[in-house]
Amino acid sequence: MADRIIPSPVQSPESEPFYAAAKEGKFMIRRCKDCHKPHWYPRSLCPFCFGETDWEAASGDGIIYSYSPMRRAGYTIAYVTLKEGPTMMTNIIDADVDKLACGQAVKLKWTVTEDGTPVPTFTPA
Amino acid sequence: MSIKGRGYIVGAYEHPTRKAPDKSVSQLHAECAKGALEDAGLKKSDIDGYICAGDAPGMGPINMLDYMNLKVGYFDSTDVGGSSYIAHVAHATQAIAMGKATCVLITLAGRPRSEGQATGTAARPGNPAIADSPWETHFAPVTANVYAMVAARHMYEYGTTSEQLAWIKVAASHHAQWNENAMLRNVVTVEDVVNSPMVSDPLHRLDCCVISDGGGALIVASPEIARSLKRPLVKVMGAGEAPKGQFGGNVDLTFSGGAWTGPRAFAEAGIRPSDIKYASIYDSFTITVLQQIEDMGFCERGQGGRFVSDGNLISGVGKLPFNTDGGGLCNNHPANRGGITKVIEAVRQLRGEAHPKVQVPNCDLALAHGTGGLIGSRHGSATLIMERE
Ligand SMILES: [Zn+2]
């Protein structure tokens, strides 16, 4: 399965700090200062209570919630549930797709895109 | 207050074209409107309300109403993808109940086939104004692989198989063989489906709907107007609409927004799922049907695979005849939005005007349910229950 080239992400004011930290190798999620719940994708206001949120470092450990290889296009879309709780959309890389499974442990592995911005992809742990 | 009995579907028309390179999208909308007026026995000047969605070129009602030269006192352009037109019937009925209109036209049309869109598999460009795009678009969530993740999770949680999903396509093909306008009229087997090329694991090519040009139109009218016409009476009984997304990261792919809209529609109609004689279920993919059958309460959650097997969705064979026009899987998916054709075939069934080979005997209660967007990420859901009076 030829690997698809992941394009650089588009940016918004809410995403720029995440990708700036990614360039330093830091994987950040956001947590609410009021209800203390983490969420994904990152927002300035908590999606559970509209409280103020802040960045915190996450482990990069997770398990596959679901996935689907598009073999001819050369990539595998997935939802990964992070150890911290939230589930995020991502790609699984550097894996034998026939051996992937829901519930499988994976770990963060950055993929550096064309303009130098790393995006959070995952690979079997 | 309820919309039960406050509106009737008096006109329904499905454009026969499946490829229309020589027609404009606005033209297709107008041809559908004309067809629905003729079906109802109404005049153009009887229309006093209009609803369309994102497939209508320009600023929705503004450009379409100018093109058709219609004067209305009510318009709506709620766009929740393919589910829009099912919600539109409810909105039209609400407008009629509130005295804002008496005769509301709903149209859909599009030409994705002529325009050569790789609808289900092409990655889309990012859009920084859409909140999720900076986090997802580069990972290429296309239509096929996002629905495939729903199927993969269903298989993991409940042991659902590709063969069970295939039965949904088999049933649709049994119906499509009688529809002379259907794109795919060949009856297929479970083996044909599971042996067709894999698009995005575990969905095969024959798990996916067709890409077609075309359109459709509906007219919803007040009880007074409906009773003045010489057509069988199709009464709006209940409806529900809901969005579903990722819940701030608490992703749950085991149900769609239909799990909310179905119960709301049944409560308003005052009936149970077992009362339904015919169901139009949005079939962008086989998994879409399976999940929504569970969401509507036609079977227990997780039992959809068993429920759809062995021809249970085939008219004259099984307990829940579905998509007797062949549905999106075989007949038609105009503008990549299957909601309006779902209502149209339900109206045919309730009137007794479906093809004789697929007509459900004594069909007095029918359901149409649809989704718009992607059930694996974020989508709208809409349910409509109708009764032949
Ligand atoms: Zn909060």
# chains A, B, ... in the order shown; residues from 1 in each chain; ligands from 1
$ residues_near_ligand --ligand "ligand 1" --cutoff "8 Å" --atoms "only C-alpha atoms and all ligand atoms" --output "ChimeraX atom specification"
/A:31-37,45-53
$ write_last_selection --atoms "N, CA, C and O atoms" --output "mmCIF file, in the first residue's frame"
data_model
loop_
_atom_site.group_PDB
_atom_site.id
_atom_site.type_symbol
_atom_site.label_atom_id
_atom_site.label_comp_id
_atom_site.auth_asym_id
_atom_site.auth_seq_id
_atom_site.Cartn_x
_atom_site.Cartn_y
_atom_site.Cartn_z
ATOM 1 N N ARG A 31 -8.131 21.422 27.923
ATOM 2 C CA ARG A 31 -8.955 21.007 29.060
ATOM 3 C C ARG A 31 -9.680 22.226 29.632
ATOM 4 O O ARG A 31 -9.146 23.328 29.648
ATOM 5 N N CYS A 32 -10.881 21.995 30.123
ATOM 6 C CA CYS A 32 -11.710 23.082 30.653
ATOM 7 C C CYS A 32 -11.233 23.479 32.055
ATOM 8 O O CYS A 32 -10.964 22.631 32.906
ATOM 9 N N LYS A 33 -11.126 24.798 32.301
ATOM 10 C CA LYS A 33 -10.727 25.283 33.626
ATOM 11 C C LYS A 33 -11.890 25.208 34.614
ATOM 12 O O LYS A 33 -11.678 25.274 35.814
ATOM 13 N N ASP A 34 -13.099 25.083 34.108
ATOM 14 C CA ASP A 34 -14.276 25.032 34.992
ATOM 15 C C ASP A 34 -14.692 23.602 35.311
ATOM 16 O O ASP A 34 -14.740 23.207 36.468
ATOM 17 N N CYS A 35 -15.007 22.800 34.273
ATOM 18 C CA CYS A 35 -15.487 21.431 34.528
ATOM 19 C C CYS A 35 -14.355 20.409 34.469
ATOM 20 O O CYS A 35 -14.572 19.234 34.775
ATOM 21 N N HIS A 36 -13.144 20.852 34.062
ATOM 22 C CA HIS A 36 -11.922 20.038 34.082
ATOM 23 C C HIS A 36 -11.945 18.862 33.113
ATOM 24 O O HIS A 36 -11.118 17.962 33.219
ATOM 25 N N LYS A 37 -12.893 18.875 32.177
ATOM 26 C CA LYS A 37 -12.916 17.790 31.185
ATOM 27 C C LYS A 37 -12.027 18.152 29.996
ATOM 28 O O LYS A 37 -12.062 19.298 29.526
ATOM 29 N N LEU A 45 -13.636 27.680 23.888
ATOM 30 C CA LEU A 45 -14.677 27.510 24.909
ATOM 31 C C LEU A 45 -15.017 26.024 25.013
ATOM 32 O O LEU A 45 -15.139 25.322 23.999
ATOM 33 N N CYS A 46 -15.187 25.547 26.239
ATOM 34 C CA CYS A 46 -15.439 24.128 26.491
ATOM 35 C C CYS A 46 -16.727 23.664 25.795
ATOM 36 O O CYS A 46 -17.776 24.292 25.956
ATOM 37 N N PRO A 47 -16.658 22.561 25.014
ATOM 38 C CA PRO A 47 -17.874 22.079 24.351
ATOM 39 C C PRO A 47 -18.884 21.457 25.316
ATOM 40 O O PRO A 47 -20.000 21.143 24.913
ATOM 41 N N PHE A 48 -18.480 21.293 26.595
ATOM 42 C CA PHE A 48 -19.418 20.705 27.571
ATOM 43 C C PHE A 48 -20.122 21.778 28.410
ATOM 44 O O PHE A 48 -21.279 21.611 28.778
ATOM 45 N N CYS A 49 -19.383 22.878 28.758
ATOM 46 C CA CYS A 49 -20.000 23.868 29.661
ATOM 47 C C CYS A 49 -19.745 25.311 29.240
ATOM 48 O O CYS A 49 -20.150 26.231 29.950
ATOM 49 N N PHE A 50 -19.061 25.536 28.092
ATOM 50 C CA PHE A 50 -18.689 26.883 27.633
ATOM 51 C C PHE A 50 -17.715 27.568 28.588
ATOM 52 O O PHE A 50 -17.559 28.785 28.554
ATOM 53 N N GLY A 51 -17.050 26.811 29.469
ATOM 54 C CA GLY A 51 -16.014 27.399 30.313
ATOM 55 C C GLY A 51 -14.752 27.701 29.503
ATOM 56 O O GLY A 51 -14.596 27.242 28.374
ATOM 57 N N GLU A 52 -13.840 28.489 30.087
ATOM 58 C CA GLU A 52 -12.563 28.784 29.440
ATOM 59 C C GLU A 52 -11.700 27.526 29.451
ATOM 60 O O GLU A 52 -11.739 26.738 30.402
ATOM 61 N N THR A 53 -10.903 27.353 28.388
ATOM 62 C CA THR A 53 -10.064 26.153 28.303
ATOM 63 C C THR A 53 -8.603 26.543 28.165
ATOM 64 O O THR A 53 -8.276 27.681 27.840
#
$ residues_around --residues "region 341-347 of chain B" --least-positions-apart "3" --cutoff "6 Å" --atoms "only C-alpha atoms" --output "PDB file with C-alpha atoms, in the first residue's frame"
ATOM      1  CA  ALA B  12     -44.731  13.968  -5.637  1.00  0.00           C
ATOM      2  CA  SER B 280     -37.825   4.365   2.969  1.00  0.00           C
ATOM      3  CA  GLY B 338     -31.345  10.927  -1.329  1.00  0.00           C
ATOM      4  CA  LEU B 350     -49.311   4.888   0.444  1.00  0.00           C
ATOM      5  CA  ALA B 368     -39.127   7.955   5.480  1.00  0.00           C
TER       6      ALA B 368
END
$ interface_residues --of "chain B" --to "chain A" --cutoff "12 Å" --atoms "only C-alpha atoms" --output "PyMOL selection string"
chain B and resi 120-157+197-204+245-254+376-377
$ residues_around --residues "Phe27 (chain A)" --least-positions-apart "2" --cutoff "8 Å" --atoms "only C-alpha atoms" --output "number ranges by chain"
A: 18, 21-22, 25, 29, 57-60, 120
$ residues_around --residues "Thr286 (chain B)" --least-positions-apart "2" --cutoff "8 Å" --atoms "only C-alpha atoms" --output "PyMOL selection string"
chain B and resi 165-166+168-169+207-208+283-284+288-290+329
